[in-house]
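Heads up, the thing below is written out as structure tokens.
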Amino acid sequence: MKIVVTVKLVPDLNASKSIDPATKRLVRAGAETVLNPYDEYALEAALQLKERLGGETSVTLLSMGPQATQETLRKALAMGADDAVVLSDDVLAGSDVAMTAAALAGALKNIGFDLVVCGGLADDGSTGGVPGALAEHLGVPGLTNARHVEIDDAVVKVQRETDSGYQVVTCPLPALVSVTMAVGEPRYASLKGIMGAKKKTIAPLCASDAGVGGLAPKTELLRFAAPPARTKARVVEAPDGATGARAIFEFLRERKLV
Amino acid sequence: MQHVVEVVEHRKGQTRKVTFELATQARDLADRLGGTAHAVVLGSGAAELAEQLKAYPLDAVHVAEDPDVDAYLIDPTIDYVEAVARAVGSAVILVPNTMYGRDVASRIAARLGAGMVADVTGFEVEGGRVACVAPKLGGATITACAFRDGEYGVATVRPNAFAAQSGGAGARVDAIEKPPGRRYAMRIESEVEEASDELGLEEAPVVVSGGRGLGGADPFRTLLKPLADALGGAVGASRAAADAGWVPYSLQIGQTGKTVSPKLYIAVGISGAIQHKVGMRSSGTIVAVNKDGAAPIAEFSDLVVVGDAFAIIPELTKLVEAAKA
Ligand SMILES: Cc1cc2nc3c(=O)[nH]c(=O)nc-3n(C[C@H](O)[C@H](O)[C@H](O)COP(=O)(O)OP(=O)(O)OC[C@H]3O[C@@H](n4cnc5c(N)ncnc54)[C@H](O)[C@@H]3O)c2cc1C
């Protein structure tokens, strides 16, 4: 069985993020590039499946982005993925959610898959729209927000989180699953994994080979501005409960919140 | 883009305030575009809910009480929404910015070849083009994003961002014909409710949220719940509290939980990590109760009370209750 995990490389989580006024794109220079943390959970889920299924199961990484990010991908290979494909092309720069999903779909059709595993969202400002759109483009079932994934006899069974609990959903392969952090903490790369990763293939794929040379974004950033600044907080030391409670109560009164 | 179609989230006919906020906003936006306003209500309880929606200024409510909608994940829903969107013509599709809404939005946008903007808090119409106002980068910038020349655009709209205003002549209710020849694959085998009480967290006017500083599950019930009740609000939590198993994940606020923007957010024993901040920073007033005056939450609060939550919160609850009496 062939599992493909989509991984995005994003600016370091704690780096402050901004938009370049000229290109209206996220500023990526400067900040260290890391694996989108949510995709590490997707990879963890895929590796767990590989361990359970055994046999011919393979895990391929698919990343869209500049070639330069390959070194970060080695970390994911060191965790246990078998190989990687990097979809990289100038014509894909500045993709929005719709274009990213369409481009990844083209790449996935090119490399083939039985199961696609995605992280729930990307840390760098994306909003979790890719997995659903990707399933739609691929024409396969898309099980989003899974906190537990099982495969038995080519049937996928997930527990998926809902706003108020969870539901159990099944479907046949091929399929796409997006996971939440509840699938389990991403494993650390072993020394053996790190050594082995150096020999694994990272294959380039260009937009025309993926059949997605003619895509355009469906949205356009017109303007952006800083949100209204919050005034500096009032700070009250509360040596006892009554002092603290009174301070809050008076403050809420002032603001007509009680 | 000319018309507006709202996709209604509900459970067996029970819905939330955001449904009516979107209905009101659908009318407003349709008027600015010179088009019509529609709602789509699907699955068990849809007909009953459609009657309620008649009180809002929509032109039409499209209904399908098809058991497939409840038996299979998302696919039947998308087929019906697509059918309505195609019948209505060029349109902006509005869904609530909730887990359900984001699923619907990503699927229908891809189906229609449309752009998608998430967590929208306002709309601008410029020369017939629709731009969505949405906070991005965890609220660090406010963007205006336009749909490019497409027939359709999809927006997930933040609950509490718009007012709900009933009125209008009473929408007509239409039955949607079942799209022929579909077979569905994602079967919903069972459903488990873990926090049915807190369905309205995203639209509660007040959220009292607890973190690791509470030290266990009990204080959420004995400390925070009474305060939330007194203030007419809901209880939320940090990821640390959910990870510890003190509350279900459905109460978690932040990047991997819910985004809330209540009038008042009270953070109790929460340090204010970036992933928590992005889920609540646009709240009207933020009050932090923390032992540590240097915790990051102090940087984006309006009032920081440095002290012990276990001493302060019960006293505060008494004051609020006394003021109400
Ligand atoms: C990929 C990723 C995604 C994440 N997503 C989220 C998310 O969606 N939401 C989220 O919340 N977190 C998220 N986190 C976790 C986040 O980074 C923080 O670890 C978490 O928010 C910390 O929770 P906390 O503030 O409750 O705990 P802590 O950071 O441990 O803070 C506890 C606070 O309580 C105070 N305190 C202790 N005792 C008392 C007392 N008696 N009275 C008053 N104050 C007291 C302490 O001074 C401290 O400030 C995510 C992390 C990662 C890596």
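Every chain in the structure tokens takes a letter, A first, then B, and so on in the order presented; its residues are numbered from 1, and the ligands are numbered from 1 following the presented order.
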
Could you pull out all residues of region 158-218 of chain B with a DSSP call of strand (DSSP E) and give them as number ranges by chain? B: 172-175, 187-193, 206-210

Just N, CA, C and O atoms for this one: save the residues we selected as an mmCIF file, in the first residue's frame.
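What follows is the written file again_5.cif:
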data_model
loop_
_atom_site.group_PDB
_atom_site.id
_atom_site.type_symbol
_atom_site.label_atom_id
_atom_site.label_comp_id
_atom_site.auth_asym_id
_atom_site.auth_seq_id
_atom_site.Cartn_x
_atom_site.Cartn_y
_atom_site.Cartn_z
ATOM 1 N N ARG B 172 -39.750 32.054 0.559
ATOM 2 C CA ARG B 172 -40.451 30.856 0.059
ATOM 3 C C ARG B 172 -39.571 29.640 0.379
ATOM 4 O O ARG B 172 -38.341 29.755 0.434
ATOM 5 N N VAL B 173 -40.241 28.533 0.636
ATOM 6 C CA VAL B 173 -39.488 27.313 0.952
ATOM 7 C C VAL B 173 -39.591 26.364 -0.235
ATOM 8 O O VAL B 173 -40.683 26.032 -0.678
ATOM 9 N N ASP B 174 -38.426 25.969 -0.772
ATOM 10 C CA ASP B 174 -38.380 25.079 -1.934
ATOM 11 C C ASP B 174 -37.762 23.749 -1.550
ATOM 12 O O ASP B 174 -36.796 23.733 -0.799
ATOM 13 N N ALA B 175 -38.282 22.679 -2.104
ATOM 14 C CA ALA B 175 -37.622 21.386 -1.922
ATOM 15 C C ALA B 175 -36.537 21.242 -2.991
ATOM 16 O O ALA B 175 -36.767 21.600 -4.144
ATOM 17 N N ARG B 187 -19.450 6.387 5.345
ATOM 18 C CA ARG B 187 -20.608 6.077 6.174
ATOM 19 C C ARG B 187 -20.342 6.451 7.635
ATOM 20 O O ARG B 187 -19.311 6.086 8.204
ATOM 21 N N ILE B 188 -21.271 7.190 8.223
ATOM 22 C CA ILE B 188 -21.154 7.546 9.643
ATOM 23 C C ILE B 188 -21.708 6.383 10.459
ATOM 24 O O ILE B 188 -22.908 6.106 10.431
ATOM 25 N N GLU B 189 -20.812 5.667 11.151
ATOM 26 C CA GLU B 189 -21.230 4.459 11.875
ATOM 27 C C GLU B 189 -21.828 4.814 13.235
ATOM 28 O O GLU B 189 -22.759 4.184 13.703
ATOM 29 N N SER B 190 -21.247 5.812 13.897
ATOM 30 C CA SER B 190 -21.776 6.198 15.212
ATOM 31 C C SER B 190 -21.301 7.592 15.548
ATOM 32 O O SER B 190 -20.376 8.122 14.927
ATOM 33 N N GLU B 191 -21.943 8.172 16.531
ATOM 34 C CA GLU B 191 -21.678 9.556 16.889
ATOM 35 C C GLU B 191 -21.662 9.660 18.406
ATOM 36 O O GLU B 191 -22.535 9.125 19.064
ATOM 37 N N VAL B 192 -20.636 10.296 18.972
ATOM 38 C CA VAL B 192 -20.543 10.400 20.425
ATOM 39 C C VAL B 192 -20.473 11.874 20.826
ATOM 40 O O VAL B 192 -19.647 12.621 20.319
ATOM 41 N N GLU B 193 -21.364 12.280 21.704
ATOM 42 C CA GLU B 193 -21.368 13.644 22.220
ATOM 43 C C GLU B 193 -20.527 13.693 23.482
ATOM 44 O O GLU B 193 -20.742 12.917 24.400
ATOM 45 N N VAL B 206 -19.666 35.774 26.624
ATOM 46 C CA VAL B 206 -18.598 35.785 27.627
ATOM 47 C C VAL B 206 -17.972 34.395 27.664
ATOM 48 O O VAL B 206 -18.690 33.392 27.654
ATOM 49 N N VAL B 207 -16.645 34.325 27.668
ATOM 50 C CA VAL B 207 -15.973 33.034 27.818
ATOM 51 C C VAL B 207 -15.046 33.103 29.022
ATOM 52 O O VAL B 207 -14.221 34.016 29.131
ATOM 53 N N VAL B 208 -15.220 32.161 29.945
ATOM 54 C CA VAL B 208 -14.332 32.044 31.095
ATOM 55 C C VAL B 208 -13.488 30.802 30.855
ATOM 56 O O VAL B 208 -13.997 29.687 30.808
ATOM 57 N N SER B 209 -12.190 31.025 30.645
ATOM 58 C CA SER B 209 -11.339 29.959 30.152
ATOM 59 C C SER B 209 -10.305 29.578 31.202
ATOM 60 O O SER B 209 -9.770 30.443 31.879
ATOM 61 N N GLY B 210 -10.025 28.287 31.320
ATOM 62 C CA GLY B 210 -9.071 27.827 32.314
ATOM 63 C C GLY B 210 -7.899 27.098 31.697
ATOM 64 O O GLY B 210 -8.027 26.469 30.648
#

For ligand 1, list the contacting residues at 8 Å or closer, counting only C-alpha atoms and all ligand atoms, as number ranges by chain. A: 37-38, 123, 181; B: 210-215, 237-241, 252-258, 268-277, 279, 289-293, 295-297, 306-310

Would you pick out the contacts of region 126-130 of chain A at 10 Å or less, using only C-alpha atoms, so that residues sharing its chain but fewer than 5 positions from it are not included, and give the list as a ChimeraX atom specification? /A:96-102,104,118-121,135-136,144-145,178 /B:99,102-107,109-110,116-119,136-138,255

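We find CA of Cys145 (chain B) and CA of Ala23 (chain B) to be spaced 21.6 Å apart.
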
Contact check, chain A to chain B, at most 6 Å, counting only C-alpha atoms, closest pairs as a tab-separated table:
residue	atom	partner	partner_atom	distance
A:Ala98	CA	B:Gly115	CA	6.0
A:Gly125	CA	B:Leu137	CA	4.7
A:Gly129	CA	B:Ser106	CA	5.0
A:Gly132	CA	B:Ser106	CA	5.2
A:Ala133	CA	B:Ser106	CA	4.9
A:Glu136	CA	B:Arg107	CA	5.9
A:Asp163	CA	B:Ser250	CA	5.7
A:Ser164	CA	B:Ala195	CA	5.2
A:Gly165	CA	B:Glu194	CA	4.5
A:Tyr166	CA	B:Val192	CA	5.3
A:Gln167	CA	B:Glu191	CA	4.2
A:Val168	CA	B:Ser190	CA	5.2
A:Val169	CA	B:Ile188	CA	4.5
A:Thr170	CA	B:Arg187	CA	5.4
A:Cys171	CA	B:Met186	CA	4.8
A:Lys218	CA	B:Gly115	CA	4.4
A:Thr219	CA	B:Phe147	CA	4.5
A:Glu220	CA	B:Ala146	CA	5.1
A:Leu221	CA	B:Cys145	CA	4.4
A:Leu222	CA	B:Ala144	CA	5.5
A:Arg223	CA	B:Ala144	CA	5.2
A:Phe224	CA	B:Thr143	CA	4.2
A:Ala225	CA	B:Ile142	CA	5.3
A:Ala226	CA	B:Thr141	CA	4.7
A:Pro227	CA	B:Thr141	CA	5.8
A:Ala233	CA	B:Asp302	CA	4.2
A:Arg234	CA	B:Leu303	CA	4.8
A:Val235	CA	B:Val304	CA	4.7
A:Val236	CA	B:Val305	CA	4.9
A:Glu237	CA	B:Val306	CA	4.8
A:Ala238	CA	B:Gly307	CA	5.0
A:Gly241	CA	B:Ile312	CA	3.9
A:Ala242	CA	B:Glu315	CA	5.9
A:Gly244	CA	B:Ile312	CA	5.6
A:Ala245	CA	B:Leu316	CA	4.4

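We find CA of Thr57 (chain A) and CA of Glu150 (chain A) to be spaced 13.9 Å apart.
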
Would you mind listing what lies within 9 Å of Pro172 (chain A) as a ChimeraX atom specification, with only C-alpha atoms counted and same-chain residues fewer than 2 positions away left out? /A:141,153-157,170,174-175 /B:185-186

I need the chosen residues saved as an mmCIF file, in the first residue's frame, with all heavy atoms.
data_model
loop_
_atom_site.group_PDB
_atom_site.id
_atom_site.type_symbol
_atom_site.label_atom_id
_atom_site.label_comp_id
_atom_site.auth_asym_id
_atom_site.auth_seq_id
_atom_site.Cartn_x
_atom_site.Cartn_y
_atom_site.Cartn_z
ATOM 1 N N PRO A 141 -12.892 9.801 -1.105
ATOM 2 C CA PRO A 141 -13.451 10.201 0.184
ATOM 3 C C PRO A 141 -12.422 11.013 0.985
ATOM 4 O O PRO A 141 -11.229 10.698 0.947
ATOM 5 C CB PRO A 141 -13.734 8.867 0.877
ATOM 6 C CG PRO A 141 -13.855 7.870 -0.226
ATOM 7 C CD PRO A 141 -12.943 8.341 -1.312
ATOM 8 N N ASP A 153 -8.430 -4.493 5.594
ATOM 9 C CA ASP A 153 -9.039 -4.996 4.364
ATOM 10 C C ASP A 153 -9.421 -3.879 3.397
ATOM 11 O O ASP A 153 -10.524 -3.886 2.843
ATOM 12 C CB ASP A 153 -10.322 -5.762 4.729
ATOM 13 C CG ASP A 153 -10.149 -7.240 4.442
ATOM 14 O OD1 ASP A 153 -9.088 -7.600 3.869
ATOM 15 O OD2 ASP A 153 -11.065 -8.013 4.791
ATOM 16 N N ALA A 154 -8.545 -2.921 3.217
ATOM 17 C CA ALA A 154 -8.784 -1.801 2.294
ATOM 18 C C ALA A 154 -9.964 -0.922 2.704
ATOM 19 O O ALA A 154 -10.531 -0.197 1.893
ATOM 20 C CB ALA A 154 -8.939 -2.278 0.855
ATOM 21 N N VAL A 155 -10.367 -1.038 3.985
ATOM 22 C CA VAL A 155 -11.392 -0.127 4.504
ATOM 23 C C VAL A 155 -10.756 0.764 5.567
ATOM 24 O O VAL A 155 -10.076 0.279 6.477
ATOM 25 C CB VAL A 155 -12.591 -0.901 5.112
ATOM 26 C CG1 VAL A 155 -13.542 0.056 5.823
ATOM 27 C CG2 VAL A 155 -13.324 -1.664 4.016
ATOM 28 N N VAL A 156 -10.937 2.063 5.434
ATOM 29 C CA VAL A 156 -10.413 3.013 6.413
ATOM 30 C C VAL A 156 -11.500 3.267 7.450
ATOM 31 O O VAL A 156 -12.664 3.481 7.105
ATOM 32 C CB VAL A 156 -10.075 4.374 5.765
ATOM 33 C CG1 VAL A 156 -9.327 5.260 6.752
ATOM 34 C CG2 VAL A 156 -9.287 4.192 4.503
ATOM 35 N N LYS A 157 -11.088 3.261 8.724
ATOM 36 C CA LYS A 157 -12.040 3.584 9.782
ATOM 37 C C LYS A 157 -11.401 4.660 10.645
ATOM 38 O O LYS A 157 -10.279 4.481 11.125
ATOM 39 C CB LYS A 157 -12.310 2.341 10.611
ATOM 40 C CG LYS A 157 -13.308 2.525 11.721
ATOM 41 C CD LYS A 157 -13.522 1.187 12.412
ATOM 42 C CE LYS A 157 -14.637 1.225 13.412
ATOM 43 N NZ LYS A 157 -14.799 -0.093 14.043
ATOM 44 N N THR A 170 -16.452 5.213 8.230
ATOM 45 C CA THR A 170 -15.682 4.247 7.434
ATOM 46 C C THR A 170 -15.818 4.560 5.951
ATOM 47 O O THR A 170 -16.819 5.137 5.519
ATOM 48 C CB THR A 170 -16.197 2.806 7.644
ATOM 49 O OG1 THR A 170 -17.596 2.775 7.329
ATOM 50 C CG2 THR A 170 -15.980 2.339 9.056
ATOM 51 N N PRO A 174 -9.189 3.984 -2.433
ATOM 52 C CA PRO A 174 -8.300 5.055 -1.981
ATOM 53 C C PRO A 174 -9.068 6.162 -1.273
ATOM 54 O O PRO A 174 -10.246 6.380 -1.572
ATOM 55 C CB PRO A 174 -7.675 5.553 -3.284
ATOM 56 C CG PRO A 174 -8.697 5.251 -4.334
ATOM 57 C CD PRO A 174 -9.375 3.985 -3.885
ATOM 58 N N ALA A 175 -8.356 6.861 -0.363
ATOM 59 C CA ALA A 175 -9.024 7.899 0.414
ATOM 60 C C ALA A 175 -7.995 8.902 0.913
ATOM 61 O O ALA A 175 -6.787 8.684 0.806
ATOM 62 C CB ALA A 175 -9.754 7.265 1.601
ATOM 63 N N ALA B 185 -19.766 7.040 -0.051
ATOM 64 C CA ALA B 185 -18.798 6.081 0.477
ATOM 65 C C ALA B 185 -18.515 6.264 1.968
ATOM 66 O O ALA B 185 -18.213 5.302 2.656
ATOM 67 C CB ALA B 185 -17.491 6.204 -0.304
ATOM 68 N N MET B 186 -18.595 7.518 2.465
ATOM 69 C CA MET B 186 -18.175 7.743 3.858
ATOM 70 C C MET B 186 -19.355 7.586 4.799
ATOM 71 O O MET B 186 -20.130 8.514 5.024
ATOM 72 C CB MET B 186 -17.562 9.150 3.985
ATOM 73 C CG MET B 186 -16.233 9.281 3.257
ATOM 74 S SD MET B 186 -15.494 10.906 3.507
ATOM 75 C CE MET B 186 -16.372 11.891 2.304
#
